[in-house]
Each structure stands twice: as C-alpha cells, then as structure tokens.
Amino acid sequence: DILKIDIEGDEYAFFPLIFQSNRKMWPRQILMESHPTNVTLIHRLFGLIRDNHYVIFSKENNVEGGPYFFEFGFLKMNSKFFTSVPSTT
C-alpha cells in the first residue's frame, strides 16, 4: 500500500483530507514531491504528516524542478516509535 502523488502544490489541501479518512485506508508508504509555496504551509504539512506517525525515509532533489523542489518518501510507524526517548543525561 503505497501512495505516490505529485499534485503541483495541492498536497497542502490533500493531506488534511487523507488524515480525516478511515485510518485503515492510510497507506504504509507515501511518496510525494513538495512544491514550496511558503514556509508556514510546508512546516504545517510536515507536522501533520509526523502527527499521523509518518517519518521521512528518503529525500531527493528534483533537479528538473529546481533547487527548492524535493521528492520525499514517508513510512508509517507504530505510535510507540514516537514516545519519549529516555534521557542520556
């Protein structure tokens, strides 16, 4: 169950809809190209993805798109992955 999307900037509207749907339908892996519109939207999107237990496992520059366009791979993790890590101090 992999979702690959390149929707030319509409990822900012698309992902909130995905995460409102039935969790059983969420993909295990997401491949997406980011289209920078503004820093606030990008941070909000990546926060939403992380809040729903996905982590980045791949990041590549899209050389055709320019220096600000990246292809990201996200992997769905068990929620226990995100629990606090014991202090090293």
# chains A, B, ... in the order shown; residues from 1 in each chain; ligands from 1
$ residues_around --residues "A:Ile2" --least-positions-apart "2" --cutoff "8 Å" --atoms "only C-alpha atoms" --output "MDAnalysis selection string"
chainID A and resid 4 27:31
$ residues_around --residues "A:Phe82" --least-positions-apart "6" --cutoff "12 Å" --atoms "only C-alpha atoms" --output "ChimeraX atom specification"
/A:50-55,76
$ residues_around --residues "A:Tyr12" --least-positions-apart "6" --cutoff "8 Å" --atoms "only C-alpha atoms" --output "ChimeraX atom specification"
/A:41-42,45
$ select_by_dssp --residues "stretch 4-86 of chain A" --states "alpha helix (DSSP H)" --output "number ranges by chain"
A: 11-18, 39-51
$ select_by_dssp --residues "chain A" --states "strand (DSSP E or B)" --output "ChimeraX atom specification"
/A:2-5,29-34,54-61,70-76
$ residues_around --residues "stretch 13-16 of chain A" --least-positions-apart "6" --cutoff "10 Å" --atoms "only C-alpha atoms" --output "count of residues only"
7
$ residues_around --residues "A:His35" --least-positions-apart "3" --cutoff "10 Å" --atoms "only C-alpha atoms" --output "VMD selection string"
chain A and resid 6 to 12 32 38 42 65 68 to 71
